[in-house]
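Asks: Supplied structure: upload01.txt, compact mmCIF, C-alpha atoms.
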# COMPACT_ATOMS: atom_id res chain seq x y z
CA MET A 80 0.00 0.00 0.00
CA ALA A 81 3.05 2.28 0.22
CA THR A 82 3.28 1.97 -3.55
CA SER A 83 1.03 4.35 -5.45
CA PRO A 84 -1.45 2.59 -7.75
CA SER A 85 -0.46 5.07 -10.44
CA ARG A 86 2.97 3.46 -10.74
CA SER A 87 2.12 0.66 -13.13
CA GLY A 88 5.35 -1.26 -12.40
CA GLY A 89 4.38 -1.57 -8.75
CA ARG A 90 0.78 -2.40 -9.51
CA SER A 91 1.79 -4.90 -12.15
CA ALA A 92 4.18 -6.63 -9.77
CA ARG A 93 1.52 -6.70 -7.08
CA ILE A 94 -1.05 -8.26 -9.42
CA ARG A 95 1.52 -10.84 -10.47
CA ALA A 96 2.26 -11.73 -6.83
CA ASP A 97 -1.45 -11.97 -5.97
CA VAL A 98 -2.18 -14.14 -9.01
CA HIS A 99 0.79 -16.45 -8.39
CA ARG A 100 -0.28 -16.85 -4.76
CA ALA A 101 -3.87 -17.61 -5.84
CA VAL A 102 -2.66 -20.35 -8.21
CA ALA A 103 -0.39 -21.88 -5.56
CA GLN A 104 -3.34 -22.04 -3.14
CA LEU A 105 -5.95 -23.25 -5.60
CA VAL A 106 -3.91 -26.18 -6.93
CA THR A 107 -3.96 -27.62 -3.40
CA GLU A 108 -7.74 -27.21 -3.17
CA VAL A 109 -9.26 -28.21 -6.51
CA ASP A 110 -8.62 -30.70 -9.30
CA VAL A 111 -6.58 -29.13 -12.05
CA GLU A 112 -9.58 -29.70 -14.31
CA SER A 113 -11.53 -27.26 -12.15
CA LEU A 114 -8.92 -24.54 -12.43
CA THR A 115 -10.23 -21.67 -14.57
CA LEU A 116 -9.01 -18.12 -15.13
CA PRO A 117 -12.21 -16.63 -13.59
CA LEU A 118 -11.73 -18.80 -10.46
CA ILE A 119 -8.11 -17.67 -10.15
CA ALA A 120 -9.06 -14.04 -10.80
CA ASN A 121 -11.69 -14.20 -8.07
CA ARG A 122 -9.24 -15.60 -5.54
CA ALA A 123 -6.57 -13.05 -6.49
CA GLY A 124 -9.06 -10.18 -6.41
CA VAL A 125 -8.33 -9.05 -9.97
CA HIS A 126 -10.51 -8.82 -13.05
CA PRO A 127 -10.57 -11.97 -15.24
CA THR A 128 -9.78 -9.82 -18.29
CA THR A 129 -6.41 -8.99 -16.74
CA LEU A 130 -5.55 -12.69 -16.57
CA TYR A 131 -6.72 -13.42 -20.11
CA ARG A 132 -4.70 -10.49 -21.43
CA ARG A 133 -1.53 -11.19 -19.47
CA TRP A 134 -1.36 -15.01 -19.39
CA GLY A 135 -3.77 -16.16 -22.10
CA SER A 136 -4.65 -19.57 -20.65
CA VAL A 137 -4.56 -21.56 -17.44
CA ALA A 138 -1.79 -23.70 -18.93
CA ASP A 139 0.43 -20.69 -19.64
CA LEU A 140 -0.28 -19.18 -16.23
CA VAL A 141 0.47 -22.41 -14.37
CA ALA A 142 3.71 -22.81 -16.36
CA ALA A 143 4.70 -19.24 -15.41
CA VAL A 144 3.96 -19.88 -11.72
CA ALA A 145 5.94 -23.13 -11.83
CA ALA A 146 8.90 -21.48 -13.58
CA SER A 147 8.94 -18.75 -10.93
CA ARG A 148 8.47 -21.13 -8.00
CA PHE A 149 11.11 -23.63 -9.13
CA THR A 150 13.79 -21.13 -10.20
CA GLY A 151 16.41 -19.82 -7.79
CA ASP A 152 14.67 -21.41 -4.82
CA LEU A 153 17.58 -23.72 -4.00
CA VAL A 154 21.17 -22.63 -3.46
CA VAL A 155 23.79 -24.67 -5.30
CA PRO A 156 25.92 -26.17 -2.49
CA ASP A 157 29.70 -25.84 -2.46
CA THR A 158 31.04 -28.58 -0.20
CA GLY A 159 34.31 -29.15 -2.06
CA SER A 160 33.29 -32.33 -3.87
CA LEU A 161 30.65 -33.29 -6.42
CA ARG A 162 29.49 -36.13 -4.20
CA GLY A 163 29.01 -33.81 -1.22
CA ASP A 164 27.33 -31.15 -3.36
CA LEU A 165 24.89 -33.64 -4.89
CA GLU A 166 24.07 -35.28 -1.55
CA GLN A 167 23.16 -31.92 -0.03
CA TRP A 168 21.28 -30.77 -3.12
CA ALA A 169 19.31 -34.02 -3.57
CA ALA A 170 18.29 -33.92 0.10
CA GLU A 171 16.99 -30.36 -0.39
CA VAL A 172 15.07 -31.33 -3.54
CA ALA A 173 13.49 -34.25 -1.64
CA THR A 174 12.52 -31.98 1.25
CA ASP A 175 10.96 -29.51 -1.17
CA LEU A 176 8.98 -32.22 -3.00
CA ALA A 177 7.67 -33.59 0.31
CA ASP A 178 5.74 -30.32 0.76
CA PRO A 179 2.13 -30.96 -0.37
CA GLU A 180 1.93 -27.48 -1.95
CA THR A 181 5.03 -28.18 -4.02
CA ALA A 182 3.65 -31.53 -5.16
CA ALA A 183 0.30 -29.97 -6.05
CA LEU A 184 1.91 -27.26 -8.20
CA LEU A 185 4.08 -29.90 -9.87
CA ARG A 186 1.01 -32.02 -10.72
CA ALA A 187 -0.85 -29.00 -12.08
CA ALA A 188 2.14 -27.92 -14.21
CA VAL A 189 2.61 -31.43 -15.63
CA GLY A 190 -1.13 -31.73 -16.26
CA SER A 191 -1.18 -28.45 -18.13
CA GLY A 192 1.22 -29.68 -20.83
CA ALA A 193 4.81 -30.24 -21.91
CA GLN A 194 5.84 -26.63 -21.33
CA GLY A 195 4.48 -26.80 -17.79
CA GLY A 196 6.61 -29.81 -16.95
CA TYR A 197 9.74 -28.25 -18.39
CA SER A 198 9.12 -25.06 -16.38
CA CYS A 199 9.47 -27.11 -13.19
CA ILE A 200 12.91 -28.52 -13.89
CA ALA A 201 14.79 -26.14 -16.22
CA ASP A 202 16.56 -24.47 -13.29
CA ARG A 203 17.25 -27.83 -11.56
CA ILE A 204 19.10 -28.94 -14.71
CA GLU A 205 21.12 -25.71 -14.72
CA GLN A 206 22.06 -26.30 -11.08
CA LEU A 207 23.26 -29.82 -11.91
CA ARG A 208 25.26 -28.35 -14.78
CA ALA A 209 26.89 -25.82 -12.43
CA MET A 210 27.92 -28.62 -10.04
CA THR A 211 29.28 -30.98 -12.70
CA ASP A 212 31.10 -28.13 -14.50
CA ARG A 213 32.74 -27.08 -11.25
CA GLU A 214 33.85 -30.67 -10.65
CA ARG A 215 35.45 -30.76 -14.10
CA GLY A 216 37.09 -27.42 -13.31
CA ARG A 217 38.77 -29.12 -10.34
CA GLY A 218 40.39 -31.48 -12.83
CA ALA A 219 38.14 -34.46 -12.08
CA VAL A 220 37.77 -37.07 -14.80
CA ALA A 221 34.80 -39.36 -15.42
CA VAL A 222 32.29 -36.76 -14.23
CA PRO A 223 28.85 -38.00 -15.33
CA GLU A 224 26.84 -36.09 -17.92
CA VAL A 225 24.16 -33.75 -16.61
CA LEU A 226 21.32 -35.77 -18.13
CA ASP A 227 22.62 -38.97 -16.55
CA VAL A 228 22.75 -37.22 -13.17
CA ALA A 229 19.18 -36.00 -13.73
CA ASP A 230 18.10 -39.56 -14.59
CA ALA A 231 19.68 -40.96 -11.44
CA LEU A 232 18.56 -38.29 -8.96
CA LEU A 233 15.59 -36.31 -10.28
CA GLY A 234 14.11 -39.37 -12.02
CA PRO A 235 13.35 -41.34 -8.84
CA LEU A 236 12.48 -38.28 -6.73
CA TYR A 237 9.93 -36.91 -9.19
CA PHE A 238 8.61 -40.36 -10.13
CA ARG A 239 7.85 -41.19 -6.48
CA THR A 240 6.30 -37.76 -5.91
CA LEU A 241 3.91 -37.98 -8.87
CA PHE A 242 3.17 -41.71 -8.97
CA GLY A 243 3.94 -43.05 -5.50
CA ASP A 244 3.60 -41.87 -1.94
CA GLY A 245 6.18 -39.08 -1.95
CA PRO A 246 9.87 -38.46 -2.67
CA GLY A 247 11.17 -40.30 0.40
CA ASP A 248 13.27 -38.79 3.17
CA PRO A 249 16.52 -36.84 2.64
CA ASP A 250 18.61 -39.86 3.54
CA ARG A 251 17.05 -41.90 0.78
CA ALA A 252 17.89 -39.04 -1.61
CA ARG A 253 21.51 -39.17 -0.48
CA THR A 254 21.50 -42.92 -1.18
CA LEU A 255 20.69 -42.15 -4.82
CA VAL A 256 23.87 -40.05 -5.03
CA ARG A 257 25.95 -42.84 -3.48
CA ARG A 258 24.65 -45.24 -6.13
CA LEU A 259 25.56 -42.81 -8.90
CA LEU A 260 29.01 -42.02 -7.47
CA PRO A 261 30.04 -45.07 -5.43
CA GLN A 262 33.58 -43.82 -4.79
CA PRO A 263 34.11 -40.57 -2.87
CA SER A 264 35.26 -38.10 -5.51
CA MET B 90 -24.81 -53.57 -32.97
CA ALA B 91 -25.24 -57.33 -32.67
CA THR B 92 -25.78 -56.76 -28.97
CA SER B 93 -29.33 -55.82 -28.02
CA PRO B 94 -29.61 -52.45 -26.22
CA SER B 95 -31.87 -54.18 -23.73
CA ARG B 96 -28.92 -56.16 -22.38
CA SER B 97 -27.59 -53.63 -19.93
CA GLY B 98 -24.22 -55.43 -19.59
CA GLY B 99 -23.56 -54.96 -23.30
CA ARG B 100 -24.80 -51.37 -23.33
CA SER B 101 -22.84 -50.54 -20.22
CA ALA B 102 -19.66 -51.99 -21.69
CA ARG B 103 -20.23 -50.10 -24.92
CA ILE B 104 -20.72 -46.80 -23.09
CA ARG B 105 -17.57 -47.47 -21.10
CA ALA B 106 -15.59 -48.13 -24.29
CA ASP B 107 -16.96 -44.98 -25.98
CA VAL B 108 -16.22 -42.83 -22.95
CA HIS B 109 -12.69 -44.23 -22.51
CA ARG B 110 -11.99 -43.61 -26.19
CA ALA B 111 -13.33 -40.04 -25.92
CA VAL B 112 -11.02 -39.31 -22.97
CA ALA B 113 -7.99 -40.80 -24.75
CA GLN B 114 -8.69 -38.57 -27.77
CA LEU B 115 -9.51 -35.40 -25.87
CA VAL B 116 -6.39 -35.39 -23.70
CA THR B 117 -4.34 -35.10 -26.90
CA GLU B 118 -6.44 -32.17 -28.12
CA VAL B 119 -7.15 -29.89 -25.14
CA ASP B 120 -5.44 -28.74 -21.95
CA VAL B 121 -6.44 -30.91 -19.03
CA GLU B 122 -7.97 -27.75 -17.51
CA SER B 123 -10.41 -27.69 -20.40
CA LEU B 124 -11.53 -31.29 -19.87
CA THR B 125 -15.09 -31.36 -18.54
CA LEU B 126 -17.64 -34.16 -18.20
CA PRO B 127 -20.05 -32.45 -20.68
CA LEU B 128 -17.23 -32.17 -23.24
CA ILE B 129 -16.37 -35.85 -22.80
CA ALA B 130 -20.05 -36.83 -22.92
CA ASN B 131 -20.51 -34.91 -26.15
CA ARG B 132 -17.52 -36.62 -27.80
CA ALA B 133 -18.63 -40.05 -26.58
CA GLY B 134 -22.23 -39.45 -27.68
CA VAL B 135 -23.70 -40.17 -24.24
CA HIS B 136 -25.69 -38.02 -21.84
CA PRO B 137 -23.58 -36.03 -19.31
CA THR B 138 -25.76 -37.37 -16.49
CA THR B 139 -24.47 -40.87 -17.28
CA LEU B 140 -20.90 -39.69 -16.73
CA TYR B 141 -21.71 -37.84 -13.50
CA ARG B 142 -23.53 -40.89 -12.16
CA ARG B 143 -20.95 -43.46 -13.18
CA TRP B 144 -17.63 -41.64 -12.67
CA GLY B 145 -18.46 -38.63 -10.50
CA SER B 146 -15.67 -36.32 -11.64
CA VAL B 147 -13.17 -35.80 -14.42
CA ALA B 148 -10.39 -36.81 -12.01
CA ASP B 149 -12.04 -40.15 -11.20
CA LEU B 150 -12.83 -40.81 -14.85
CA VAL B 151 -9.28 -40.02 -16.00
CA ALA B 152 -7.88 -42.26 -13.26
CA ALA B 153 -10.18 -45.08 -14.43
CA VAL B 154 -9.10 -44.64 -18.05
CA ALA B 155 -5.42 -44.61 -17.01
CA ALA B 156 -5.84 -47.72 -14.84
CA SER B 157 -7.47 -49.53 -17.76
CA ARG B 158 -4.98 -48.30 -20.36
CA PHE B 159 -1.89 -49.09 -18.27
CA THR B 160 -2.97 -52.50 -16.96
CA GLY B 161 -2.24 -55.71 -18.84
CA ASP B 162 -1.00 -53.80 -21.88
CA LEU B 163 2.55 -55.19 -21.63
CA VAL B 164 3.48 -58.86 -21.43
CA VAL B 165 6.02 -59.75 -18.74
CA PRO B 166 8.97 -61.15 -20.71
CA ASP B 167 10.53 -64.51 -19.88
CA THR B 168 14.04 -64.54 -21.33
CA GLY B 169 15.63 -66.74 -18.68
CA SER B 170 17.40 -63.97 -16.75
CA LEU B 171 16.30 -60.91 -14.79
CA ARG B 172 18.67 -58.76 -16.84
CA GLY B 173 17.21 -59.97 -20.12
CA ASP B 174 13.64 -59.63 -18.84
CA LEU B 175 14.19 -56.08 -17.62
CA GLU B 176 15.99 -55.00 -20.80
CA GLN B 177 13.09 -56.19 -22.95
CA TRP B 178 10.47 -54.77 -20.60
CA ALA B 179 12.17 -51.35 -20.20
CA ALA B 180 12.48 -51.05 -23.97
CA GLU B 181 8.74 -51.73 -24.30
CA VAL B 182 7.86 -49.18 -21.62
CA ALA B 183 10.03 -46.59 -23.41
CA THR B 184 8.36 -47.36 -26.74
CA ASP B 185 4.93 -46.98 -25.15
CA LEU B 186 5.83 -43.66 -23.48
CA ALA B 187 7.16 -42.30 -26.78
CA ASP B 188 3.60 -42.44 -28.16
CA PRO B 189 2.12 -38.90 -27.86
CA GLU B 190 -1.28 -40.33 -26.88
CA THR B 191 0.28 -42.29 -24.03
CA ALA B 192 2.17 -39.23 -22.80
CA ALA B 193 -0.98 -37.09 -22.99
CA LEU B 194 -3.00 -39.56 -20.91
CA LEU B 195 -0.15 -39.79 -18.40
CA ARG B 196 -0.05 -35.98 -18.05
CA ALA B 197 -3.80 -35.79 -17.60
CA ALA B 198 -3.79 -38.56 -15.00
CA VAL B 199 -0.96 -36.95 -13.03
CA GLY B 200 -2.65 -33.56 -13.27
CA SER B 201 -5.89 -34.95 -11.97
CA GLY B 202 -4.37 -35.96 -8.62
CA ALA B 203 -2.44 -38.54 -6.62
CA GLN B 204 -4.85 -41.37 -7.44
CA GLY B 205 -4.50 -40.63 -11.14
CA GLY B 206 -0.72 -40.98 -11.01
CA TYR B 207 -0.90 -44.23 -9.08
CA SER B 208 -3.39 -45.63 -11.61
CA CYS B 209 -0.72 -45.32 -14.30
CA ILE B 210 1.95 -47.40 -12.59
CA ALA B 211 0.28 -49.90 -10.24
CA ASP B 212 0.44 -52.66 -12.85
CA ARG B 213 4.00 -51.74 -13.88
CA ILE B 214 5.07 -52.28 -10.26
CA GLU B 215 3.33 -55.68 -10.19
CA GLN B 216 5.15 -56.64 -13.38
CA LEU B 217 8.49 -55.71 -11.81
CA ARG B 218 7.53 -57.78 -8.77
CA ALA B 219 6.75 -60.79 -10.98
CA MET B 220 10.18 -60.52 -12.63
CA THR B 221 12.18 -60.09 -9.42
CA ASP B 222 10.21 -62.85 -7.65
CA ARG B 223 10.90 -65.25 -10.52
CA GLU B 224 14.61 -64.39 -10.35
CA ARG B 225 14.62 -65.21 -6.63
CA GLY B 226 12.78 -68.44 -7.44
CA ARG B 227 15.74 -69.39 -9.67
CA GLY B 228 17.91 -69.18 -6.56
CA ALA B 229 19.51 -65.85 -7.41
CA VAL B 230 20.89 -63.79 -4.54
CA ALA B 231 21.24 -60.01 -4.33
CA VAL B 232 18.12 -59.41 -6.42
CA PRO B 233 17.25 -55.71 -6.05
CA GLU B 234 14.05 -54.66 -4.30
CA VAL B 235 11.09 -53.79 -6.53
CA LEU B 236 11.07 -50.13 -5.48
CA ASP B 237 14.77 -49.78 -6.24
CA VAL B 238 14.19 -51.26 -9.69
CA ALA B 239 11.29 -48.81 -10.18
CA ASP B 240 13.58 -45.93 -9.14
CA ALA B 241 16.28 -46.98 -11.58
CA LEU B 242 14.09 -47.76 -14.60
CA LEU B 243 10.67 -46.11 -14.33
CA GLY B 244 12.13 -43.02 -12.60
CA PRO B 245 14.21 -41.81 -15.56
CA LEU B 246 11.71 -42.96 -18.22
CA TYR B 247 8.73 -41.17 -16.67
CA PHE B 248 10.79 -38.14 -15.61
CA ARG B 249 12.00 -37.57 -19.18
CA THR B 250 8.51 -38.13 -20.59
CA LEU B 251 6.82 -35.59 -18.31
CA PHE B 252 9.60 -33.01 -17.87
CA GLY B 253 11.93 -33.44 -20.83
CA ASP B 254 11.64 -34.26 -24.49
CA GLY B 255 10.54 -37.89 -24.23
CA PRO B 256 11.62 -41.21 -22.73
CA GLY B 257 14.52 -41.77 -25.11
CA ASP B 258 14.91 -44.73 -27.47
CA PRO B 259 14.72 -48.41 -26.44
CA ASP B 260 18.49 -48.72 -26.38
CA ARG B 261 18.78 -45.96 -23.83
CA ALA B 262 16.20 -47.82 -21.73
CA ARG B 263 18.32 -50.97 -21.91
CA THR B 264 21.29 -48.90 -20.71
CA LEU B 265 19.38 -48.12 -17.52
CA VAL B 266 19.09 -51.86 -16.86
CA ARG B 267 22.81 -52.38 -17.45
CA ARG B 268 23.56 -49.67 -14.89
CA LEU B 269 21.29 -51.32 -12.34
CA LEU B 270 22.61 -54.85 -13.00
CA PRO B 271 26.16 -54.43 -14.32
CA GLN B 272 26.94 -58.19 -14.31
CA PRO B 273 24.92 -60.57 -16.45
CA SER B 274 22.77 -62.44 -13.94
Please go through the file and, once you have read it, give me the structure as structure tokens.

Replies:
Amino acid sequence: MATSPSRSGGRSARIRADVHRAVAQLVTEVDVESLTLPLIANRAGVHPTTLYRRWGSVADLVAAVAASRFTGDLVVPDTGSLRGDLEQWAAEVATDLADPETAALLRAAVGSGAQGGYSCIADRIEQLRAMTDRERGRGAVAVPEVLDVADALLGPLYFRTLFGDGPGDPDRARTLVRRLLPQPS
Amino acid sequence: MATSPSRSGGRSARIRADVHRAVAQLVTEVDVESLTLPLIANRAGVHPTTLYRRWGSVADLVAAVAASRFTGDLVVPDTGSLRGDLEQWAAEVATDLADPETAALLRAAVGSGAQGGYSCIADRIEQLRAMTDRERGRGAVAVPEVLDVADALLGPLYFRTLFGDGPGDPDRARTLVRRLLPQPS
């Protein structure tokens, strides 16, 4: 309220925050099939026309919320070894996925189409790339490819979250790293 | 049309087949958020009331279609070794997931809630159990647990399908088995 409504940057950012928050709440309350722009607009307290104009469709809006929610939310660890970095990072991903709100947004983003799914993991892949690149920079050989690391760590964690009874505890996530990199690096 | 409409078993089965087919088509055409029981009823040529009465909600209907589609659709191989069985089976799962209609139904089922996701993989887990149990029956030791096999094989295949650009080709699926079971068993 300190920001004047006449400053469109401030108002625009506030609408965005309200709409993102409304989506994050609603995906925990209703089936994704029941998610409509008017419903989201009502919860956010904005006019539906604003949502149609700015985001176009529920699918595009959910993808935008997922991209925002799953970008820059985890810090890339720097423990001195790839194994240590991945163990800490995988444990944090598992803890995040164990949150019912996180899982609900993930389901909604996947349900809304291919772009929605990609929005959830693009930054996770970049974080894996940063860790494996740093390991190569230390002169390590036989560092696994990013997509193989994603297969071994994100594969099971996301599979269990979407199809099973949750990602498992942080220690189980660390076990995935130990299977991928049996020898301390 | 050989079946008399007065035989409710035949009519009921026909309605079920029409409705399942309508869902399988529609998930490839519209966002899951646009999937409604009236839309499905219209495509299937049945009255919406029938769908409300029989399936209750889009989420329950999509879960039922997924359970039907992903049950008994793959034959459990019997090659004489767990490694051979899993290589053949993983290649078939990858081929199935590469079909855009399969991926679309998977997305819709995941988007429609936790039950929807589980409906897609319950039979896959039973198939893995049949293969690992048979291997133990041959007297093999150190046979991995079913959930660890699911992590190693289904994890990457489903993760890539929902979040990346597809499950990869059958040979890449066989590579996942070779990582899990490095020695011929």

Asks: Find the residue from A:Glu224, A:Val141, A:Cys199, A:Ala177 that sits nearest to A:Val111; use all atoms listed in the file when measuring.

Replies: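 Answer, going by the shortest atom-to-atom distance: A:Val141.
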
Asks: I'd like a table as a tab-separated table: residues in chain B with an atom no more than 7 Å from chain A, each row giving the shortest atom pair and its distance in Å to one decimal, all atoms listed in the file counted, sorted by chain and rising residue number.

Replies:
residue	atom	partner	partner_atom	distance
B:Asp120	CA	A:Ser191	CA	5.7
B:Val121	CA	A:Glu112	CA	5.8
B:Glu122	CA	A:Glu112	CA	4.1
B:Ser123	CA	A:Glu112	CA	6.5
B:Leu124	CA	A:Glu112	CA	6.1
B:Ala148	CA	A:Asp110	CA	6.9
B:Arg196	CA	A:Gly190	CA	4.7
B:Ala197	CA	A:Gly190	CA	5.0
B:Val199	CA	A:Arg186	CA	5.8
B:Gly200	CA	A:Gly190	CA	3.8
B:Ser201	CA	A:Asp110	CA	5.7
B:Gly202	CA	A:Asp110	CA	6.8
B:Ala203	CA	A:Leu241	CA	6.8
B:Gly206	CA	A:Phe242	CA	4.5
B:Tyr207	CA	A:Phe242	CA	4.8
B:Ile210	CA	A:Phe242	CA	6.9
B:Asp240	CA	A:Pro235	CA	4.6
B:Ala241	CA	A:Ala231	CA	6.9
B:Gly244	CA	A:Gly234	CA	4.2
B:Pro245	CA	A:Gly234	CA	4.3
B:Tyr247	CA	A:Phe238	CA	6.6
B:Phe248	CA	A:Gly234	CA	5.0
B:Leu251	CA	A:Gly196	CA	5.9
B:Phe252	CA	A:Gly196	CA	4.5
B:Gly253	CA	A:Tyr197	CA	6.1

Asks: Could you please determine the separation between atom CA of A:Arg217 and atom CA of A:Thr174 in Å, to one decimal place?

Replies: 28.8 Å

Asks: When distances are computed from all atoms listed in the file, which of A:Pro261, A:Gly218, A:Pro156, A:Gly124 shows the smallest separation from A:Trp168?

Replies: A:Pro156

Asks: What is the atom CA of B:Asp162-atom CA of B:Asn131 distance in Å, reported with one decimal?

Replies: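 Here the two named atoms are 27.5 Å from each other.
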
Asks: Please report the interatomic distance between atom CA of A:Arg133 and atom CA of A:Val102 in Å with one decimal.

Replies: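 Between atom CA of A:Arg133 and atom CA of A:Val102 the gap is 14.6 Å.
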
Asks: Residues at most 12 Å from B:Gly169, counting all atoms listed in the file, excluding those fewer than 2 positions away in the same chain, as number ranges by chain?

Replies: B: 165-167, 171-177, 220-221, 223-224, 226-227, 229, 273-274

Asks: Env of B:Asp212: 7 Å cut, atoms = all atoms listed in the file, seq-sep filter 4 positions within chain, self excluded. Answer as a VMD selection string.

Replies: chain B and resid 159 to 160 216

Asks: Point out the residue among B:Leu128, B:Arg213, B:Gly145, B:Ala180 with the least atom-to-atom distance to B:Gly161, counting only C-alpha atoms.

Replies: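 Smallest distance to B:Gly161 is found for B:Arg213.
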